[in-house]
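Visitor: Mind having a look at this structure? Questions to follow.
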There are 2 protein chains.
Amino acid sequence: MSLNGRKALSFIHNDFEDLEYWYPVYRLREAGMTVDTAGEVAGETYKGKYGVPAASDMAFADVDPARYDLLLVPGGWAPDKLRRFPEVIEITKKMNADGKIIGQICHAGWVLISADILKGKRVTSTPGIRDDMTNAGATWLDEAVVVDGNLVSSRRPPDLPAYLAAMIETLAAR
Amino acid sequence: MSLNGRKALSFIHNDFEDLEYWYPVYRLREAGMTVDTAGEVAGETYKGKYGVPAASDMAFADVDPARYDLLLVPGGWAPDKLRRFPEVIEITKKMNADGKIIGQICHAGWVLISADILKGKRVTSTPGIRDDMTNAGATWLDEAVVVDGNLVSSRRPPDLPAYLAAMIETLAAR
């Protein structure tokens, strides 16, 4: 399924879960998408929990959310950092309001909680933040991948194949 | 492209390149394949260069090469270990003789060199082992992915999208 011409944005910060960041980025590039990455600082190299590096193409402040069809929020401890940036929250809110697809895996839900976009939505995440997700108004399901409208969510690295298959199907259907 | 019912085997040992091991494994699972992993010891957890873990399903000695359609050799420093096991060399020789697809990335070529299956073949690899590859009789190309018959080769992590696209296309054409 070709997604040529579509554009994705991934947030990045230190201590991302290495595979949860990289599998979606490479997979969407394989499908023909352009994937840009935004961090606190442009051109910075961040390190995953295990140390795999990933560079930011731009700073959060330089992101134009209107240019993107999809937002990726990686898992790991990065979401604990990411949710503290007002620009991250604004980008997330704007892309959600515009109906853009948002992918979240593992602890990524923390960012969507702080953007207050989970009320009445069916989602999954690492079981570790299940209570945070339900307190934010979501219905939490223990499934490899959950799709509810524009939100695609997954639990952990072994779910990555199901997560990306569902994400690509959701994109291709548009 | 569905590859349901097809089976892949990946070799595993310590200091594999984390993404070069995991991206192909998850990607082929996403495409419907069963991917088994074989290490020196069954049920052992090996660690990538950065520390991402990966467990072996079976020992090299327990592999039946006839059961598999595809062999994956990961990059990193693992190939320097892998090529020392006679079982690894025998599995590689047998699968090549049977025309099974063999994927190699980065330093993985060391295993194919020791299996002596590169004579007259067009391949790529990390430039670091270019001389070893040409000394083994291969023609070396500086391309993201090279397909020559049953051999699919790639250079480094950013080539992973091209590597898997070519591997899946080669599998699907059979």
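Residues in the structure tokens are numbered from 1 in each chain, the chains being A, B, ... in the order shown, and ligands are numbered from 1 in the order shown.
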Show me, as a list in words, every residue of chain A with an atom at most 8 Å from chain B, counting only C-alpha atoms.

Guide: Met1, Asp18, Leu19, Trp22, Tyr23, Tyr26, Arg27, Arg29, Glu30, Tyr50, Gly51, Val52, Pro158, Leu160, Pro161, Ala162, Leu164 and Ala165 of chain A

Visitor: What would you get as a PDB file with C-alpha atoms, in the first residue's frame if chain A were moved onto chain B by least squares over all of its C-alpha atoms in order?

Guide:
ATOM      1  CA  MET A   1       1.418  -7.786   0.263  1.00  0.00           C
ATOM      2  CA  SER A   2       0.623 -10.798   2.438  1.00  0.00           C
ATOM      3  CA  LEU A   3       3.236 -13.440   3.107  1.00  0.00           C
ATOM      4  CA  ASN A   4       0.930 -15.532   5.308  1.00  0.00           C
ATOM      5  CA  GLY A   5       2.237 -19.029   5.847  1.00  0.00           C
ATOM      6  CA  ARG A   6       5.845 -18.253   4.861  1.00  0.00           C
ATOM      7  CA  LYS A   7       8.557 -18.830   7.420  1.00  0.00           C
ATOM      8  CA  ALA A   8      11.749 -16.930   8.142  1.00  0.00           C
ATOM      9  CA  LEU A   9      14.726 -17.756  10.325  1.00  0.00           C
ATOM     10  CA  SER A  10      16.970 -15.096  11.835  1.00  0.00           C
ATOM     11  CA  PHE A  11      20.335 -15.783  13.398  1.00  0.00           C
ATOM     12  CA  ILE A  12      20.982 -13.986  16.681  1.00  0.00           C
ATOM     13  CA  HIS A  13      23.969 -13.394  18.932  1.00  0.00           C
ATOM     14  CA  ASN A  14      25.220 -10.587  21.152  1.00  0.00           C
ATOM     15  CA  ASP A  15      26.066  -7.144  19.775  1.00  0.00           C
ATOM     16  CA  PHE A  16      23.672  -7.356  16.831  1.00  0.00           C
ATOM     17  CA  GLU A  17      22.817  -3.941  15.431  1.00  0.00           C
ATOM     18  CA  ASP A  18      19.559  -3.311  17.271  1.00  0.00           C
ATOM     19  CA  LEU A  19      17.509  -1.892  14.389  1.00  0.00           C
ATOM     20  CA  GLU A  20      19.066  -4.144  11.740  1.00  0.00           C
ATOM     21  CA  TYR A  21      17.891  -7.129  13.755  1.00  0.00           C
ATOM     22  CA  TRP A  22      14.475  -5.903  14.847  1.00  0.00           C
ATOM     23  CA  TYR A  23      13.169  -3.992  11.827  1.00  0.00           C
ATOM     24  CA  PRO A  24      13.248  -7.055   9.517  1.00  0.00           C
ATOM     25  CA  VAL A  25      11.806  -9.355  12.219  1.00  0.00           C
ATOM     26  CA  TYR A  26       8.857  -7.072  13.000  1.00  0.00           C
ATOM     27  CA  ARG A  27       8.343  -6.110   9.357  1.00  0.00           C
ATOM     28  CA  LEU A  28       8.082  -9.697   8.170  1.00  0.00           C
ATOM     29  CA  ARG A  29       5.711 -10.505  11.036  1.00  0.00           C
ATOM     30  CA  GLU A  30       3.621  -7.513   9.924  1.00  0.00           C
ATOM     31  CA  ALA A  31       3.553  -9.076   6.432  1.00  0.00           C
ATOM     32  CA  GLY A  32       2.184 -12.312   7.918  1.00  0.00           C
ATOM     33  CA  MET A  33       5.339 -14.419   8.165  1.00  0.00           C
ATOM     34  CA  THR A  34       6.393 -16.529  11.111  1.00  0.00           C
ATOM     35  CA  VAL A  35       9.887 -15.483  12.174  1.00  0.00           C
ATOM     36  CA  ASP A  36      11.915 -17.881  14.331  1.00  0.00           C
ATOM     37  CA  THR A  37      15.256 -16.947  15.842  1.00  0.00           C
ATOM     38  CA  ALA A  38      18.232 -19.232  16.362  1.00  0.00           C
ATOM     39  CA  GLY A  39      21.150 -18.558  18.705  1.00  0.00           C
ATOM     40  CA  GLU A  40      24.027 -20.462  20.257  1.00  0.00           C
ATOM     41  CA  VAL A  41      21.629 -21.535  23.031  1.00  0.00           C
ATOM     42  CA  ALA A  42      17.836 -21.942  22.907  1.00  0.00           C
ATOM     43  CA  GLY A  43      15.777 -19.575  25.049  1.00  0.00           C
ATOM     44  CA  GLU A  44      18.708 -17.227  25.644  1.00  0.00           C
ATOM     45  CA  THR A  45      18.326 -13.438  25.686  1.00  0.00           C
ATOM     46  CA  TYR A  46      20.997 -11.711  23.611  1.00  0.00           C
ATOM     47  CA  LYS A  47      21.673  -7.978  23.658  1.00  0.00           C
ATOM     48  CA  GLY A  48      22.183  -5.607  20.762  1.00  0.00           C
ATOM     49  CA  LYS A  49      25.064  -3.109  20.484  1.00  0.00           C
ATOM     50  CA  TYR A  50      22.895  -0.583  22.294  1.00  0.00           C
ATOM     51  CA  GLY A  51      21.347  -3.144  24.637  1.00  0.00           C
ATOM     52  CA  VAL A  52      17.966  -3.888  23.069  1.00  0.00           C
ATOM     53  CA  PRO A  53      17.221  -7.533  24.008  1.00  0.00           C
ATOM     54  CA  ALA A  54      16.240 -10.361  21.648  1.00  0.00           C
ATOM     55  CA  ALA A  55      15.576 -13.966  22.638  1.00  0.00           C
ATOM     56  CA  SER A  56      16.439 -17.110  20.694  1.00  0.00           C
ATOM     57  CA  ASP A  57      13.634 -19.582  20.008  1.00  0.00           C
ATOM     58  CA  MET A  58      16.051 -22.433  19.329  1.00  0.00           C
ATOM     59  CA  ALA A  59      19.713 -23.385  19.162  1.00  0.00           C
ATOM     60  CA  PHE A  60      21.569 -23.413  15.836  1.00  0.00           C
ATOM     61  CA  ALA A  61      21.850 -27.204  16.207  1.00  0.00           C
ATOM     62  CA  ASP A  62      18.053 -27.557  16.313  1.00  0.00           C
ATOM     63  CA  VAL A  63      17.355 -25.696  13.061  1.00  0.00           C
ATOM     64  CA  ASP A  64      15.820 -27.587  10.141  1.00  0.00           C
ATOM     65  CA  PRO A  65      16.702 -25.326   7.184  1.00  0.00           C
ATOM     66  CA  ALA A  66      14.101 -27.046   4.986  1.00  0.00           C
ATOM     67  CA  ARG A  67      11.315 -25.452   7.047  1.00  0.00           C
ATOM     68  CA  TYR A  68      12.241 -21.883   6.058  1.00  0.00           C
ATOM     69  CA  ASP A  69      11.709 -19.675   3.018  1.00  0.00           C
ATOM     70  CA  LEU A  70      14.080 -16.935   4.131  1.00  0.00           C
ATOM     71  CA  LEU A  71      17.232 -16.523   6.207  1.00  0.00           C
ATOM     72  CA  LEU A  72      17.995 -13.206   7.934  1.00  0.00           C
ATOM     73  CA  VAL A  73      21.539 -12.386   8.985  1.00  0.00           C
ATOM     74  CA  PRO A  74      21.598  -9.278  11.195  1.00  0.00           C
ATOM     75  CA  GLY A  75      24.341  -6.659  11.202  1.00  0.00           C
ATOM     76  CA  GLY A  76      26.420  -5.256  14.040  1.00  0.00           C
ATOM     77  CA  TRP A  77      29.211  -7.296  15.618  1.00  0.00           C
ATOM     78  CA  ALA A  78      27.078 -10.441  15.902  1.00  0.00           C
ATOM     79  CA  PRO A  79      28.243 -11.721  12.467  1.00  0.00           C
ATOM     80  CA  ASP A  80      31.824 -11.880  13.780  1.00  0.00           C
ATOM     81  CA  LYS A  81      30.538 -14.379  16.368  1.00  0.00           C
ATOM     82  CA  LEU A  82      28.033 -16.148  14.125  1.00  0.00           C
ATOM     83  CA  ARG A  83      30.554 -17.128  11.431  1.00  0.00           C
ATOM     84  CA  ARG A  84      32.514 -19.195  13.981  1.00  0.00           C
ATOM     85  CA  PHE A  85      29.689 -21.749  14.432  1.00  0.00           C
ATOM     86  CA  PRO A  86      29.829 -24.666  11.961  1.00  0.00           C
ATOM     87  CA  GLU A  87      26.030 -25.016  12.242  1.00  0.00           C
ATOM     88  CA  VAL A  88      25.554 -21.395  11.142  1.00  0.00           C
ATOM     89  CA  ILE A  89      27.724 -21.988   8.104  1.00  0.00           C
ATOM     90  CA  GLU A  90      25.940 -25.236   7.247  1.00  0.00           C
ATOM     91  CA  ILE A  91      22.468 -23.663   7.555  1.00  0.00           C
ATOM     92  CA  THR A  92      23.579 -20.766   5.351  1.00  0.00           C
ATOM     93  CA  LYS A  93      25.105 -23.047   2.712  1.00  0.00           C
ATOM     94  CA  LYS A  94      22.061 -25.339   2.681  1.00  0.00           C
ATOM     95  CA  MET A  95      19.512 -22.550   2.385  1.00  0.00           C
ATOM     96  CA  ASN A  96      21.560 -20.943  -0.392  1.00  0.00           C
ATOM     97  CA  ALA A  97      21.908 -24.257  -2.243  1.00  0.00           C
ATOM     98  CA  ASP A  98      18.128 -24.672  -2.033  1.00  0.00           C
ATOM     99  CA  GLY A  99      17.614 -21.200  -3.510  1.00  0.00           C
ATOM    100  CA  LYS A 100      16.084 -19.764  -0.348  1.00  0.00           C
ATOM    101  CA  ILE A 101      16.219 -15.988  -0.013  1.00  0.00           C
ATOM    102  CA  ILE A 102      19.020 -14.726   2.225  1.00  0.00           C
ATOM    103  CA  GLY A 103      18.957 -11.191   3.620  1.00  0.00           C
ATOM    104  CA  GLN A 104      22.207  -9.618   4.798  1.00  0.00           C
ATOM    105  CA  ILE A 105      22.793  -6.092   6.071  1.00  0.00           C
ATOM    106  CA  CYS A 106      25.852  -4.138   7.177  1.00  0.00           C
ATOM    107  CA  HIS A 107      28.456  -6.583   8.598  1.00  0.00           C
ATOM    108  CA  ALA A 108      26.221  -9.640   7.975  1.00  0.00           C
ATOM    109  CA  GLY A 109      28.263 -10.379   4.844  1.00  0.00           C
ATOM    110  CA  TRP A 110      30.988 -11.931   7.014  1.00  0.00           C
ATOM    111  CA  VAL A 111      28.707 -14.950   7.514  1.00  0.00           C
ATOM    112  CA  LEU A 112      28.054 -15.303   3.774  1.00  0.00           C
ATOM    113  CA  ILE A 113      31.785 -14.957   3.095  1.00  0.00           C
ATOM    114  CA  SER A 114      32.539 -17.840   5.466  1.00  0.00           C
ATOM    115  CA  ALA A 115      29.753 -19.879   3.844  1.00  0.00           C
ATOM    116  CA  ASP A 116      31.536 -19.175   0.523  1.00  0.00           C
ATOM    117  CA  ILE A 117      28.379 -18.253  -1.363  1.00  0.00           C
ATOM    118  CA  LEU A 118      29.303 -14.827  -2.761  1.00  0.00           C
ATOM    119  CA  LYS A 119      31.381 -15.740  -5.834  1.00  0.00           C
ATOM    120  CA  GLY A 120      30.115 -13.826  -8.869  1.00  0.00           C
ATOM    121  CA  LYS A 121      27.290 -12.197  -6.907  1.00  0.00           C
ATOM    122  CA  ARG A 122      26.374  -8.522  -6.810  1.00  0.00           C
ATOM    123  CA  VAL A 123      26.058  -7.326  -3.211  1.00  0.00           C
ATOM    124  CA  THR A 124      26.321  -4.362  -0.905  1.00  0.00           C
ATOM    125  CA  SER A 125      27.293  -4.091   2.790  1.00  0.00           C
ATOM    126  CA  THR A 126      28.749  -1.556   5.168  1.00  0.00           C
ATOM    127  CA  PRO A 127      31.708  -0.006   3.307  1.00  0.00           C
ATOM    128  CA  GLY A 128      33.840  -1.286   6.215  1.00  0.00           C
ATOM    129  CA  ILE A 129      33.799  -4.863   4.852  1.00  0.00           C
ATOM    130  CA  ARG A 130      33.787  -3.991   1.165  1.00  0.00           C
ATOM    131  CA  ASP A 131      37.303  -5.476   0.743  1.00  0.00           C
ATOM    132  CA  ASP A 132      36.268  -8.715   2.459  1.00  0.00           C
ATOM    133  CA  MET A 133      33.257  -8.955   0.157  1.00  0.00           C
ATOM    134  CA  THR A 134      35.244  -8.392  -3.041  1.00  0.00           C
ATOM    135  CA  ASN A 135      38.019 -10.756  -1.878  1.00  0.00           C
ATOM    136  CA  ALA A 136      35.285 -13.383  -1.480  1.00  0.00           C
ATOM    137  CA  GLY A 137      34.450 -12.955  -5.172  1.00  0.00           C
ATOM    138  CA  ALA A 138      31.517 -10.562  -5.015  1.00  0.00           C
ATOM    139  CA  THR A 139      30.933  -7.393  -7.025  1.00  0.00           C
ATOM    140  CA  TRP A 140      30.305  -4.642  -4.477  1.00  0.00           C
ATOM    141  CA  LEU A 141      27.845  -1.815  -5.163  1.00  0.00           C
ATOM    142  CA  ASP A 142      27.224   1.312  -3.095  1.00  0.00           C
ATOM    143  CA  GLU A 143      23.414   1.128  -3.198  1.00  0.00           C
ATOM    144  CA  ALA A 144      20.706   1.122  -0.499  1.00  0.00           C
ATOM    145  CA  VAL A 145      19.679  -2.377  -1.533  1.00  0.00           C
ATOM    146  CA  VAL A 146      21.029  -4.893  -4.034  1.00  0.00           C
ATOM    147  CA  VAL A 147      19.097  -7.979  -5.190  1.00  0.00           C
ATOM    148  CA  ASP A 148      20.967 -10.718  -7.075  1.00  0.00           C
ATOM    149  CA  GLY A 149      18.948 -13.913  -7.397  1.00  0.00           C
ATOM    150  CA  ASN A 150      18.254 -15.148  -3.885  1.00  0.00           C
ATOM    151  CA  LEU A 151      20.580 -12.648  -2.194  1.00  0.00           C
ATOM    152  CA  VAL A 152      19.180  -9.366  -0.855  1.00  0.00           C
ATOM    153  CA  SER A 153      21.734  -7.032   0.717  1.00  0.00           C
ATOM    154  CA  SER A 154      21.779  -3.592   2.276  1.00  0.00           C
ATOM    155  CA  ARG A 155      24.278  -1.225   3.870  1.00  0.00           C
ATOM    156  CA  ARG A 156      23.061   0.320   7.122  1.00  0.00           C
ATOM    157  CA  PRO A 157      20.010   1.258   9.262  1.00  0.00           C
ATOM    158  CA  PRO A 158      18.701   4.150   7.108  1.00  0.00           C
ATOM    159  CA  ASP A 159      18.498   1.634   4.226  1.00  0.00           C
ATOM    160  CA  LEU A 160      16.089  -0.582   6.186  1.00  0.00           C
ATOM    161  CA  PRO A 161      12.951   0.683   4.397  1.00  0.00           C
ATOM    162  CA  ALA A 162      14.475  -0.084   0.971  1.00  0.00           C
ATOM    163  CA  TYR A 163      15.912  -3.391   2.236  1.00  0.00           C
ATOM    164  CA  LEU A 164      12.575  -4.721   3.459  1.00  0.00           C
ATOM    165  CA  ALA A 165      10.612  -3.421   0.476  1.00  0.00           C
ATOM    166  CA  ALA A 166      12.964  -5.345  -1.844  1.00  0.00           C
ATOM    167  CA  MET A 167      12.957  -8.434   0.371  1.00  0.00           C
ATOM    168  CA  ILE A 168       9.154  -8.571   0.498  1.00  0.00           C
ATOM    169  CA  GLU A 169       8.878  -7.993  -3.247  1.00  0.00           C
ATOM    170  CA  THR A 170      11.364 -10.832  -3.868  1.00  0.00           C
ATOM    171  CA  LEU A 171       9.427 -13.160  -1.556  1.00  0.00           C
ATOM    172  CA  ALA A 172       6.053 -12.230  -3.015  1.00  0.00           C
ATOM    173  CA  ALA A 173       7.287 -12.912  -6.558  1.00  0.00           C
ATOM    174  CA  ARG A 174       7.846 -16.592  -5.684  1.00  0.00           C
TER     175      ARG A 174
END

Visitor: Once DSSP has gone over the backbone, tell me which residues of segment 2-165 of chain A are in alpha helix (DSSP H), as an MDAnalysis selection string.

Guide: chainID A and resid 18:30 78:82 86:97 109:114 130:135 160:165

Visitor: May I have the residues from that selection written out with N, CA and C atoms, as a compact mmCIF listing (two decimals), in the first residue's frame?

Guide:
# COMPACT_ATOMS: atom_id res chain seq x y z
N ASP A 18 13.45 2.70 21.99
CA ASP A 18 14.19 2.67 20.74
C ASP A 18 13.39 2.09 19.57
N LEU A 19 12.75 0.94 19.77
CA LEU A 19 12.01 0.31 18.68
C LEU A 19 10.67 1.01 18.44
N GLU A 20 10.06 1.51 19.51
CA GLU A 20 8.76 2.19 19.36
C GLU A 20 8.92 3.51 18.62
N TYR A 21 10.11 4.09 18.68
CA TYR A 21 10.37 5.27 17.85
C TYR A 21 10.70 4.85 16.42
N TRP A 22 11.67 3.96 16.27
CA TRP A 22 12.23 3.71 14.95
C TRP A 22 11.37 2.83 14.04
N TYR A 23 10.66 1.84 14.60
CA TYR A 23 9.88 0.99 13.69
C TYR A 23 8.84 1.80 12.92
N PRO A 24 8.04 2.64 13.58
CA PRO A 24 7.07 3.44 12.82
C PRO A 24 7.73 4.38 11.80
N VAL A 25 8.85 5.02 12.19
CA VAL A 25 9.51 5.97 11.28
C VAL A 25 9.98 5.25 10.01
N TYR A 26 10.71 4.14 10.19
CA TYR A 26 11.19 3.41 9.02
C TYR A 26 10.03 2.79 8.22
N ARG A 27 9.04 2.30 8.93
CA ARG A 27 7.93 1.61 8.25
C ARG A 27 7.14 2.57 7.37
N LEU A 28 6.92 3.78 7.87
CA LEU A 28 6.16 4.75 7.08
C LEU A 28 7.00 5.26 5.91
N ARG A 29 8.32 5.36 6.12
CA ARG A 29 9.19 5.70 4.98
C ARG A 29 9.14 4.59 3.94
N GLU A 30 9.14 3.33 4.40
CA GLU A 30 9.03 2.21 3.45
C GLU A 30 7.73 2.33 2.64
N ALA A 78 10.34 9.31 27.03
CA ALA A 78 10.26 10.59 26.32
C ALA A 78 8.92 11.31 26.53
N PRO A 79 7.79 10.57 26.55
CA PRO A 79 6.51 11.29 26.72
C PRO A 79 6.42 12.09 28.03
N ASP A 80 7.13 11.64 29.06
CA ASP A 80 7.13 12.38 30.33
C ASP A 80 7.78 13.75 30.14
N LYS A 81 8.78 13.81 29.26
CA LYS A 81 9.40 15.10 28.89
C LYS A 81 8.50 15.88 27.93
N LEU A 82 8.06 15.19 26.88
CA LEU A 82 7.33 15.86 25.79
C LEU A 82 6.11 16.62 26.27
N PRO A 86 4.65 23.37 25.93
CA PRO A 86 3.36 23.90 25.43
C PRO A 86 3.20 23.70 23.92
N GLU A 87 4.32 23.77 23.17
CA GLU A 87 4.22 23.60 21.71
C GLU A 87 3.80 22.17 21.36
N VAL A 88 4.29 21.20 22.12
CA VAL A 88 3.90 19.80 21.88
C VAL A 88 2.40 19.63 22.11
N ILE A 89 1.91 20.22 23.16
CA ILE A 89 0.48 20.11 23.46
C ILE A 89 -0.35 20.82 22.39
N GLU A 90 0.11 21.97 21.95
CA GLU A 90 -0.64 22.72 20.93
C GLU A 90 -0.66 21.98 19.60
N ILE A 91 0.48 21.42 19.20
CA ILE A 91 0.54 20.64 17.94
C ILE A 91 -0.41 19.45 18.03
N THR A 92 -0.40 18.78 19.17
CA THR A 92 -1.25 17.59 19.35
C THR A 92 -2.73 17.97 19.30
N LYS A 93 -3.08 19.02 20.00
CA LYS A 93 -4.48 19.49 20.00
C LYS A 93 -4.92 19.89 18.59
N LYS A 94 -4.07 20.62 17.88
CA LYS A 94 -4.41 21.13 16.56
C LYS A 94 -4.59 19.98 15.56
N MET A 95 -3.65 19.03 15.60
CA MET A 95 -3.75 17.93 14.64
C MET A 95 -4.97 17.06 14.96
N ASN A 96 -5.29 16.92 16.23
CA ASN A 96 -6.50 16.16 16.61
C ASN A 96 -7.75 16.90 16.16
N ALA A 97 -7.78 18.21 16.39
CA ALA A 97 -8.96 19.01 16.00
C ALA A 97 -9.17 18.96 14.49
N GLY A 109 0.67 7.84 25.63
CA GLY A 109 -0.63 8.37 26.03
C GLY A 109 -0.53 9.58 26.96
N TRP A 110 0.55 9.67 27.73
CA TRP A 110 0.72 10.83 28.63
C TRP A 110 0.59 12.15 27.87
N VAL A 111 1.11 12.18 26.64
CA VAL A 111 1.04 13.41 25.84
C VAL A 111 -0.42 13.70 25.44
N LEU A 112 -1.13 12.65 25.05
CA LEU A 112 -2.54 12.83 24.64
C LEU A 112 -3.42 13.18 25.84
N ILE A 113 -3.05 12.66 27.01
CA ILE A 113 -3.77 13.03 28.24
C ILE A 113 -3.60 14.54 28.47
N SER A 114 -2.38 15.03 28.40
CA SER A 114 -2.13 16.45 28.66
C SER A 114 -2.73 17.34 27.58
N ARG A 130 -2.53 2.71 32.47
CA ARG A 130 -3.96 2.46 32.27
C ARG A 130 -4.81 3.41 33.12
N ASP A 131 -4.45 3.58 34.40
CA ASP A 131 -5.24 4.44 35.30
C ASP A 131 -5.23 5.89 34.83
N ASP A 132 -4.07 6.35 34.34
CA ASP A 132 -4.00 7.73 33.83
C ASP A 132 -4.91 7.89 32.61
N MET A 133 -4.95 6.87 31.79
CA MET A 133 -5.76 6.91 30.56
C MET A 133 -7.26 6.94 30.92
N THR A 134 -7.66 6.08 31.84
CA THR A 134 -9.09 6.05 32.19
C THR A 134 -9.48 7.32 32.96
N ASN A 135 -8.58 7.82 33.81
CA ASN A 135 -8.87 9.08 34.52
C ASN A 135 -9.02 10.25 33.56
N LEU A 160 4.22 -3.87 17.62
CA LEU A 160 4.55 -2.96 16.51
C LEU A 160 4.04 -3.43 15.15
N PRO A 161 4.13 -4.73 14.82
CA PRO A 161 3.59 -5.13 13.51
C PRO A 161 2.08 -4.84 13.38
N ALA A 162 1.32 -5.13 14.42
CA ALA A 162 -0.13 -4.85 14.38
C ALA A 162 -0.40 -3.35 14.37
N TYR A 163 0.39 -2.61 15.12
CA TYR A 163 0.24 -1.15 15.23
C TYR A 163 0.42 -0.49 13.86
N LEU A 164 1.48 -0.85 13.17
CA LEU A 164 1.75 -0.22 11.87
C LEU A 164 0.81 -0.70 10.78
N ALA A 165 0.41 -1.97 10.85
CA ALA A 165 -0.56 -2.46 9.86
C ALA A 165 -1.85 -1.66 9.98

Visitor: Step one, run DSSP on the backbone; step two, keep only residues of segment 45-118 of chain B assigned to strand (DSSP E or B); then write them as a VMD selection string.

Guide: chain B and resid 45 to 47 53 to 55 58 to 59 70 to 73 76 101 to 105
